[in-house]
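Data file: coords.txt. Format and content: compact mmCIF, C-alpha atoms (C1' of nucleotides).
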# COMPACT_ATOMS: atom_id res chain seq x y z
CA MET W 1 175.17 16.09 6.06
CA VAL W 2 178.24 18.27 5.78
CA ASP W 3 180.43 19.31 2.92
CA PRO W 4 182.97 16.49 2.74
CA ARG W 5 185.84 18.89 2.26
CA TRP W 6 185.59 19.77 5.97
CA GLU W 7 187.08 16.38 6.64
CA ALA W 8 190.34 18.08 5.76
CA THR W 9 189.66 20.58 8.53
CA LEU W 10 189.36 17.76 11.03
CA ASP W 11 192.61 16.37 9.67
CA ARG W 12 194.27 19.72 10.27
CA ILE W 13 192.98 19.83 13.84
CA LEU W 14 194.31 16.33 14.40
CA GLU W 15 197.65 17.21 12.89
CA LEU W 16 197.87 20.35 15.00
CA THR W 17 197.44 18.21 18.11
CA VAL W 18 200.20 15.87 16.94
CA VAL W 19 202.74 18.59 16.14
CA LEU W 20 201.84 20.55 19.26
CA SER W 21 202.28 17.65 21.63
CA ARG W 22 205.49 16.51 19.95
CA ASP W 23 206.94 19.98 20.35
CA MET W 24 205.83 20.31 23.93
CA ASP W 25 207.24 16.90 24.79
CA GLU W 26 210.61 17.86 23.35
CA GLU W 27 210.63 21.09 25.32
CA LEU W 28 209.68 19.21 28.49
CA GLU W 29 212.36 16.62 27.93
CA ARG W 30 214.94 19.40 27.84
CA MET W 31 213.69 20.40 31.31
CA GLY W 32 213.89 16.82 32.58
CA LEU W 33 210.11 16.39 32.63
CA THR W 34 207.63 14.14 30.88
CA GLY W 35 204.13 15.19 29.83
CA SER W 36 202.41 13.56 32.77
CA ARG W 37 204.89 14.86 35.31
CA ALA W 38 204.63 18.36 33.84
CA HIS W 39 200.87 18.12 34.17
CA LEU W 40 201.30 17.35 37.85
CA VAL W 41 203.75 20.25 38.25
CA TRP W 42 201.28 22.56 36.52
CA GLU W 43 198.47 21.55 38.89
CA LEU W 44 200.72 21.79 41.92
CA GLU W 45 201.59 25.34 40.89
CA ARG W 46 197.90 26.19 40.66
CA ARG W 47 196.94 24.57 43.97
CA GLY W 48 199.95 24.93 46.19
CA PRO W 49 201.12 22.06 48.44
CA SER W 50 198.66 19.21 47.92
CA LYS W 51 197.69 15.75 49.08
CA GLN W 52 198.25 13.03 46.51
CA GLN W 53 194.56 12.32 46.64
CA ALA W 54 193.80 15.88 45.48
CA LEU W 55 196.30 15.55 42.64
CA ALA W 56 194.74 12.25 41.57
CA GLU W 57 191.39 13.97 41.17
CA ALA W 58 192.90 16.99 39.45
CA LEU W 59 194.70 14.87 36.86
CA GLY W 60 191.91 12.32 36.55
CA VAL W 61 194.14 9.35 37.30
CA SER W 62 194.24 6.66 39.98
CA PRO W 63 196.02 7.10 43.33
CA ARG W 64 198.46 4.44 42.20
CA THR W 65 199.45 6.51 39.21
CA ILE W 66 200.05 9.55 41.42
CA THR W 67 202.36 7.47 43.61
CA ALA W 68 204.40 6.64 40.50
CA LEU W 69 204.44 10.22 39.20
CA VAL W 70 205.45 11.67 42.56
CA ASP W 71 208.12 8.95 42.89
CA GLY W 72 209.56 10.14 39.58
CA LEU W 73 209.40 13.82 40.49
CA VAL W 74 211.03 13.17 43.87
CA ALA W 75 213.80 11.13 42.23
CA THR W 76 214.51 13.92 39.74
CA GLY W 77 214.39 16.65 42.38
CA PHE W 78 211.25 18.60 41.50
CA VAL W 79 209.13 17.91 44.59
CA THR W 80 209.33 16.47 48.08
CA ARG W 81 206.90 14.48 50.20
CA GLU W 82 206.24 16.14 53.53
CA PRO W 83 204.04 14.94 56.39
CA HIS W 84 200.58 16.46 56.10
CA PRO W 85 200.08 19.01 58.90
CA THR W 86 196.69 17.71 60.07
CA ASP W 87 196.14 14.25 58.57
CA ARG W 88 198.77 11.71 59.43
CA ARG W 89 197.57 9.30 56.76
CA ALA W 90 198.36 11.77 54.03
CA THR W 91 201.54 13.20 52.53
CA GLN W 92 201.83 16.70 51.25
CA VAL W 93 203.57 17.19 47.93
CA THR W 94 205.58 20.42 47.82
CA PHE W 95 207.97 22.02 45.33
CA THR W 96 211.71 22.08 45.71
CA THR W 97 213.48 25.22 44.48
CA GLN W 98 214.07 23.42 41.20
CA GLY W 99 210.42 22.46 41.01
CA ARG W 100 209.21 25.99 41.56
CA ALA W 101 211.56 27.23 38.83
CA ALA W 102 210.25 24.53 36.47
CA ALA W 103 206.65 25.55 37.19
CA LYS W 104 207.50 29.14 36.38
CA ALA W 105 209.18 28.02 33.16
CA LEU W 106 206.04 26.11 32.18
CA VAL W 107 203.86 29.18 32.70
CA ASP W 108 206.32 31.38 30.80
CA GLY W 109 206.63 28.83 28.01
CA HIS W 110 202.88 28.72 27.62
CA ARG W 111 202.71 32.50 27.28
CA GLU W 112 205.65 32.47 24.89
CA LEU W 113 204.06 29.80 22.71
CA ALA W 114 200.81 31.74 22.47
CA SER W 115 202.79 34.80 21.52
CA GLN W 116 204.83 33.08 18.81
CA LEU W 117 201.88 31.19 17.44
CA PHE W 118 199.45 34.09 17.13
CA ALA W 119 201.86 36.94 16.48
CA GLU W 120 201.14 37.27 12.79
CA VAL W 121 197.42 36.58 12.81
CA PRO W 122 195.28 39.73 12.47
CA ALA W 123 193.14 40.33 15.54
CA ASP W 124 189.80 40.08 13.72
CA ARG W 125 190.78 36.76 12.13
CA LEU W 126 191.89 35.41 15.45
CA GLU W 127 188.65 36.53 17.00
CA CYS W 128 186.69 34.59 14.40
CA PHE W 129 188.91 31.57 14.94
CA ASP W 130 188.51 31.71 18.69
CA GLU W 131 184.74 31.96 18.53
CA VAL W 132 184.38 28.98 16.24
CA LEU W 133 186.90 27.08 18.38
CA ALA W 134 184.88 27.74 21.53
CA GLY W 135 181.77 26.48 19.74
CA LEU W 136 183.52 23.33 18.58
CA LEU W 137 184.75 22.64 22.09
CA ALA W 138 181.24 22.98 23.47
CA ARG W 139 179.89 20.77 20.68
CA LEU W 140 182.53 18.15 21.37
CA ARG W 141 181.62 18.09 25.05
CA GLU W 142 178.00 17.46 24.06
CA ILE W 143 178.97 14.59 21.80
CA SER W 144 181.26 13.24 24.49
CA ALA W 145 178.63 13.45 27.24
CA ARG W 146 176.02 11.70 25.08
CA ALA W 147 178.32 8.78 24.33
CA MET T 1 203.92 41.09 21.97
CA VAL T 2 200.43 39.71 21.72
CA ASP T 3 197.22 40.50 23.50
CA PRO T 4 197.43 38.29 26.60
CA ARG T 5 193.82 37.21 26.26
CA TRP T 6 194.85 34.98 23.37
CA GLU T 7 196.44 32.74 25.95
CA ALA T 8 192.91 31.54 26.55
CA THR T 9 192.74 30.59 22.87
CA LEU T 10 195.79 28.41 23.27
CA ASP T 11 194.15 26.88 26.33
CA ARG T 12 191.09 26.08 24.23
CA ILE T 13 193.24 24.46 21.56
CA LEU T 14 194.97 22.38 24.20
CA GLU T 15 191.69 21.40 25.79
CA LEU T 16 190.26 20.46 22.41
CA THR T 17 193.17 18.07 21.92
CA VAL T 18 192.57 16.53 25.33
CA VAL T 19 188.84 16.00 24.88
CA LEU T 20 189.29 14.82 21.31
CA SER T 21 191.88 12.19 22.12
CA ARG T 22 189.98 10.99 25.19
CA ASP T 23 186.88 10.52 23.06
CA MET T 24 188.73 8.78 20.28
CA ASP T 25 190.48 6.48 22.73
CA GLU T 26 187.15 5.45 24.24
CA GLU T 27 185.71 4.77 20.81
CA LEU T 28 188.80 2.74 19.89
CA GLU T 29 188.63 0.76 23.11
CA ARG T 30 185.09 -0.29 22.22
CA MET T 31 186.53 -1.67 18.97
CA GLY T 32 189.30 -3.51 20.82
CA LEU T 33 192.01 -1.12 19.61
CA THR T 34 194.44 1.28 21.24
CA GLY T 35 195.50 4.58 19.73
CA SER T 36 198.83 3.28 18.46
CA ARG T 37 197.34 0.11 17.03
CA ALA T 38 194.60 2.12 15.33
CA HIS T 39 197.26 4.34 13.81
CA LEU T 40 198.93 1.25 12.34
CA VAL T 41 195.57 -0.02 11.05
CA TRP T 42 194.91 3.38 9.46
CA GLU T 43 198.26 3.34 7.65
CA LEU T 44 197.84 -0.26 6.59
CA GLU T 45 194.50 0.67 5.05
CA ARG T 46 196.16 3.49 3.12
CA ARG T 47 199.12 1.41 1.92
CA GLY T 48 197.80 -2.09 1.55
CA PRO T 49 199.86 -5.11 2.71
CA SER T 50 203.15 -3.74 4.03
CA LYS T 51 206.52 -4.68 5.40
CA GLN T 52 207.02 -3.85 9.04
CA GLN T 53 209.91 -1.63 8.01
CA ALA T 54 207.54 0.50 5.90
CA LEU T 55 205.10 0.78 8.80
CA ALA T 56 207.89 1.85 11.15
CA GLU T 57 208.71 4.74 8.84
CA ALA T 58 205.07 5.64 8.33
CA LEU T 59 204.37 5.81 12.06
CA GLY T 60 207.72 7.32 12.92
CA VAL T 61 208.61 4.65 15.47
CA SER T 62 211.38 2.06 15.82
CA PRO T 63 211.23 -1.40 14.23
CA ARG T 64 211.07 -2.82 17.74
CA THR T 65 207.89 -0.89 18.43
CA ILE T 66 206.31 -2.19 15.22
CA THR T 67 207.08 -5.73 16.31
CA ALA T 68 205.18 -5.06 19.54
CA LEU T 69 202.24 -3.38 17.80
CA VAL T 70 201.91 -6.13 15.21
CA ASP T 71 202.17 -8.75 17.99
CA GLY T 72 199.21 -7.07 19.67
CA LEU T 73 197.18 -6.80 16.48
CA VAL T 74 197.87 -10.45 15.60
CA ALA T 75 196.88 -11.57 19.11
CA THR T 76 193.59 -9.65 18.88
CA GLY T 77 192.83 -10.84 15.36
CA PHE T 78 193.16 -7.69 13.26
CA VAL T 79 196.15 -8.63 11.09
CA THR T 80 198.32 -11.58 10.11
CA ARG T 81 202.00 -11.92 9.30
CA GLU T 82 202.57 -13.47 5.88
CA PRO T 83 205.84 -14.31 4.18
CA HIS T 84 206.89 -11.48 1.90
CA PRO T 85 206.56 -12.54 -1.75
CA THR T 86 210.03 -11.44 -2.86
CA ASP T 87 212.15 -10.79 0.26
CA ARG T 88 212.51 -13.74 2.58
CA ARG T 89 213.88 -11.55 5.36
CA ALA T 90 210.69 -9.56 5.57
CA THR T 91 207.15 -10.28 6.70
CA GLN T 92 204.10 -8.78 5.12
CA VAL T 93 201.41 -7.47 7.40
CA THR T 94 197.92 -8.00 6.01
CA PHE T 95 194.39 -7.47 7.29
CA THR T 96 192.13 -10.22 8.51
CA THR T 97 188.44 -9.83 7.73
CA GLN T 98 188.01 -8.30 11.17
CA GLY T 99 190.92 -5.94 10.53
CA ARG T 100 189.50 -4.74 7.23
CA ALA T 101 186.15 -4.09 8.91
CA ALA T 102 187.89 -2.14 11.67
CA ALA T 103 189.77 -0.04 9.11
CA LYS T 104 186.49 0.78 7.39
CA ALA T 105 184.96 1.70 10.76
CA LEU T 106 187.86 4.07 11.42
CA VAL T 107 187.36 5.83 8.11
CA ASP T 108 183.61 6.03 8.64
CA GLY T 109 184.07 7.24 12.21
CA HIS T 110 186.38 10.00 11.02
CA ARG T 111 183.80 11.18 8.51
CA GLU T 112 181.05 10.92 11.09
CA LEU T 113 183.01 12.93 13.64
CA ALA T 114 183.66 15.71 11.13
CA SER T 115 179.99 15.70 10.31
CA GLN T 116 178.80 15.90 13.92
CA LEU T 117 181.41 18.43 14.91
CA PHE T 118 180.87 20.89 12.08
CA ALA T 119 177.17 20.36 11.37
CA GLU T 120 175.97 23.53 13.04
CA VAL T 121 178.79 25.86 12.07
CA PRO T 122 177.88 28.22 9.19
CA ALA T 123 180.04 27.63 6.12
CA ASP T 124 181.59 31.11 6.07
CA ARG T 125 182.56 30.85 9.73
CA LEU T 126 184.08 27.45 9.16
CA GLU T 127 185.98 28.79 6.18
CA CYS T 128 187.51 31.51 8.32
CA PHE T 129 188.34 28.98 11.02
CA ASP T 130 189.96 26.62 8.56
CA GLU T 131 192.12 29.34 6.99
CA VAL T 132 193.45 30.53 10.32
CA LEU T 133 193.97 26.92 11.37
CA ALA T 134 196.03 26.21 8.28
CA GLY T 135 198.12 29.27 9.00
CA LEU T 136 198.69 28.22 12.60
CA LEU T 137 199.74 24.77 11.52
CA ALA T 138 202.28 26.23 9.08
CA ARG T 139 203.51 28.63 11.76
CA LEU T 140 203.88 25.80 14.26
CA ARG T 141 205.93 23.80 11.78
CA GLU T 142 208.26 26.79 11.39
CA ILE T 143 208.68 27.12 15.14
CA SER T 144 209.20 23.39 15.39
CA ALA T 145 211.78 23.26 12.61
CA ARG T 146 213.76 26.15 14.08
CA ALA T 147 213.98 24.51 17.51
C1' DT N 1 183.92 1.88 58.57
C1' DA N 2 186.04 5.00 55.39
C1' DT N 3 190.13 7.21 53.57
C1' DT N 4 195.24 7.70 52.19
C1' DG N 5 198.79 5.87 50.14
C1' DT N 6 201.65 1.74 49.23
C1' DT N 7 202.92 -2.98 47.49
C1' DA N 8 201.95 -6.49 44.10
C1' DT N 9 200.95 -7.38 39.56
C1' DA N 10 199.99 -6.53 34.74
C1' DC N 11 199.42 -4.30 30.15
C1' DT N 12 200.82 -0.81 26.66
C1' DC N 13 204.07 2.20 24.29
C1' DT N 14 208.47 3.36 23.56
C1' DA N 15 213.65 2.90 22.95
C1' DT N 16 218.64 0.97 22.27
C1' DA N 17 221.63 -2.80 21.54
C1' DA N 18 222.79 -7.38 20.25
C1' DC N 19 221.67 -11.12 17.29
C1' DT N 20 219.77 -14.16 13.25
C1' DA N 21 218.51 -14.76 8.71
C1' DT N 22 218.72 -13.11 4.32
C1' DA N 23 220.14 -9.82 0.42
C1' DT X 1 228.38 -5.33 4.16
C1' DA X 2 223.61 -3.87 4.71
C1' DT X 3 218.75 -4.76 5.77
C1' DA X 4 214.46 -7.00 8.19
C1' DG X 5 212.88 -8.43 12.15
C1' DT X 6 213.46 -10.60 16.78
C1' DT X 7 215.17 -11.22 21.62
C1' DA X 8 216.84 -8.93 25.72
C1' DT X 9 216.35 -5.27 28.61
C1' DA X 10 214.60 -0.98 30.39
C1' DG X 11 211.76 3.23 31.58
C1' DA X 12 207.34 5.52 31.62
C1' DG X 13 202.22 5.72 32.14
C1' DT X 14 198.28 3.46 33.36
C1' DA X 15 195.06 0.27 35.97
C1' DT X 16 192.92 -3.01 39.68
C1' DA X 17 193.19 -5.35 43.99
C1' DA X 18 194.92 -6.23 48.50
C1' DC X 19 196.82 -4.16 52.51
C1' DA X 20 198.59 -0.96 56.37
C1' DA X 21 198.04 3.11 58.90
C1' DT X 22 195.09 6.44 60.39
C1' DA X 23 190.57 9.02 60.77

Starting from the file, lay out its structure as structure tokens.
Amino acid sequence: MVDPRWEATLDRILELTVVLSRDMDEELERMGLTGSRAHLVWELERRGPSKQQALAEALGVSPRTITALVDGLVATGFVTREPHPTDRRATQVTFTTQGRAAAKALVDGHRELASQLFAEVPADRLECFDEVLAGLLARLREISARA
Amino acid sequence: MVDPRWEATLDRILELTVVLSRDMDEELERMGLTGSRAHLVWELERRGPSKQQALAEALGVSPRTITALVDGLVATGFVTREPHPTDRRATQVTFTTQGRAAAKALVDGHRELASQLFAEVPADRLECFDEVLAGLLARLREISARA
DNA sequence: TATTGTTATACTCTATAACTATA
DNA sequence: TATAGTTATAGAGTATAACAATA
């Protein structure tokens, strides 16, 4: 059994996730992206031009969902569908100029957020935080795998 | 400027949110709830029988969305719509027996998760973690308010 | 036969705007 | 005139199943 006051810690974690995702969604909306589409953009940046199938696996969603997400990103000018060079069944999703700029903005925004968020935390405190955090993440994966 | 390795800390926070919400959603699905409906159930437990208007404010969504959520919860047997005792324009959302049991399960599950998650973390480490966490949350609210 | 992506269909969450009933 | 909730409509994310084209 655990000291019940740590329930408040879980509450804080939960609230952090809420505030964080609300903020990120607002930022993304200003760029003309949604959370899911930004996730696809992020993965496309990491992988380079990709088959939809590969993106489906990377995002952990169905092929049907990728069709919808790519439809949206094509309509708003972030990516294009090109014929795949070697497999005529497949399409290759590639960035437009706008899409590449958006991907860069995502990467920069991530760095910027880390900077703003941690700027005033002393290094030794942050180190402690990070170590416990890593442990919690591992623990959560255990719990998750067992369920 | 901040040590760039703390970007990995932000990544861990983000990943924690992903794993946490995936796990919670699976648990909720086993109970026949979605995340949004569970949120309504949680608030209804805190407030007791409520007008939809009050729930809309509590969840931060539109009245239209509350109509949809309550429709879903009525259809799946968690709540009922009763006439409001003093305002004939309003409806009062109240738990069924099943709904009350679900609310209790949510509260218990929250406690249980905190227990499992923090069980093996030494108290002094957790204290450090919690203090930094509280600071980050406050910092994030500042950033959020300024934007 | 297996894989890639699409069409068809459906459910959930969310919103705005117009409308009804009541205050 | 203002408030509570609904209907109408719409966009986004998600899924399964059936299907076409290609491997």

For Gln53 (chain W): contacts at 12 Å, all atoms listed in the file, fewer than 6 positions along chain excluded, given as JSON, numbers by chain: {"W": [59, 60, 61, 62, 63, 64, 65, 66, 67, 70, 84, 89, 90, 91, 92, 93], "N": [3, 4, 5]}

Which residues of chain X come within 9 Å of chain T, and for each one, what is the closest pair of atoms and their distance in Å to one decimal, counting all atoms listed in the file, sorted by chain and residue number, as CSV?
residue,atom,partner,partner_atom,distance
X:DT3,C1',T:Arg89,CA,8.4
X:DA4,C1',T:Ala90,CA,5.3
X:DG5,C1',T:Ala90,CA,7.0
X:DT6,C1',T:Thr67,CA,8.0

Kindly provide the residues of chain T that approach chain W to within 6 Å, each paired with its closest atom pair and their distance in Å to one decimal, based on all atoms listed in the file, listed by chain and increasing number, as a tab-separated table.
residue	atom	partner	partner_atom	distance
T:Val2	CA	W:Ser115	CA	5.5
T:Glu7	CA	W:Ala114	CA	5.7
T:Leu16	CA	W:Leu137	CA	5.9
T:Thr17	CA	W:Thr17	CA	5.7
T:Ala114	CA	W:Glu7	CA	5.7
T:Ser115	CA	W:Val2	CA	5.5
T:Phe129	CA	W:Phe129	CA	4.7
T:Leu137	CA	W:Leu16	CA	5.9

Expected answer as an mmCIF file with C-alpha atoms (C1' of nucleotides), in the frame of the given file: chain N residues within 7 Å of chain T, all atoms listed in the file:
data_model
loop_
_atom_site.group_PDB
_atom_site.id
_atom_site.type_symbol
_atom_site.label_atom_id
_atom_site.label_comp_id
_atom_site.auth_asym_id
_atom_site.auth_seq_id
_atom_site.Cartn_x
_atom_site.Cartn_y
_atom_site.Cartn_z
ATOM 1 C "C1'" DT N 14 208.470 3.360 23.560
ATOM 2 C "C1'" DA N 21 218.510 -14.760 8.710
ATOM 3 C "C1'" DT N 22 218.720 -13.110 4.320
#

Contacts of Ala103 (chain W) at 8 Å (only C-alpha atoms (C1' of nucleotides); same-chain gap of 5+ positions) as a ChimeraX atom specification: /W:41-42,45

Selected residues, C-alpha atoms, written as an mmCIF file, in the frame of the given file, please.
data_model
loop_
_atom_site.group_PDB
_atom_site.id
_atom_site.type_symbol
_atom_site.label_atom_id
_atom_site.label_comp_id
_atom_site.auth_asym_id
_atom_site.auth_seq_id
_atom_site.Cartn_x
_atom_site.Cartn_y
_atom_site.Cartn_z
ATOM 1 C CA VAL W 41 203.750 20.250 38.250
ATOM 2 C CA TRP W 42 201.280 22.560 36.520
ATOM 3 C CA GLU W 45 201.590 25.340 40.890
#

Straight-line distance linking CA of Thr97 (chain W) with CA of Leu55 (chain W), stated in Å to one decimal: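 Separation between CA of Thr97 (chain W) and CA of Leu55 (chain W): 19.8 Å.
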
Atom pair CA of Leu106 (chain W) / CA of Leu73 (chain W): separation (Å): 15.2 Å

Long-range neighbours of Ala75 (chain T) as a PyMOL selection string, 12 Å cut-off, all atoms listed in the file, 6 positions minimum in chain: chain T and resi 32-33+37+68-69+81+96+99

Find the axis-aligned box for region 2-6 of chain X, covering all its listed atoms and adding 8 Å on each side, and write its centre and edge lengths in Å to one decimal as JSON.
{"center_x": 218.2, "center_y": -7.2, "center_z": 10.7, "size_x": 26.7, "size_y": 22.7, "size_z": 28.1}

Length of the CA of Pro49 (chain T) to CA of Val74 (chain T) vector [Å]: 14.1 Å
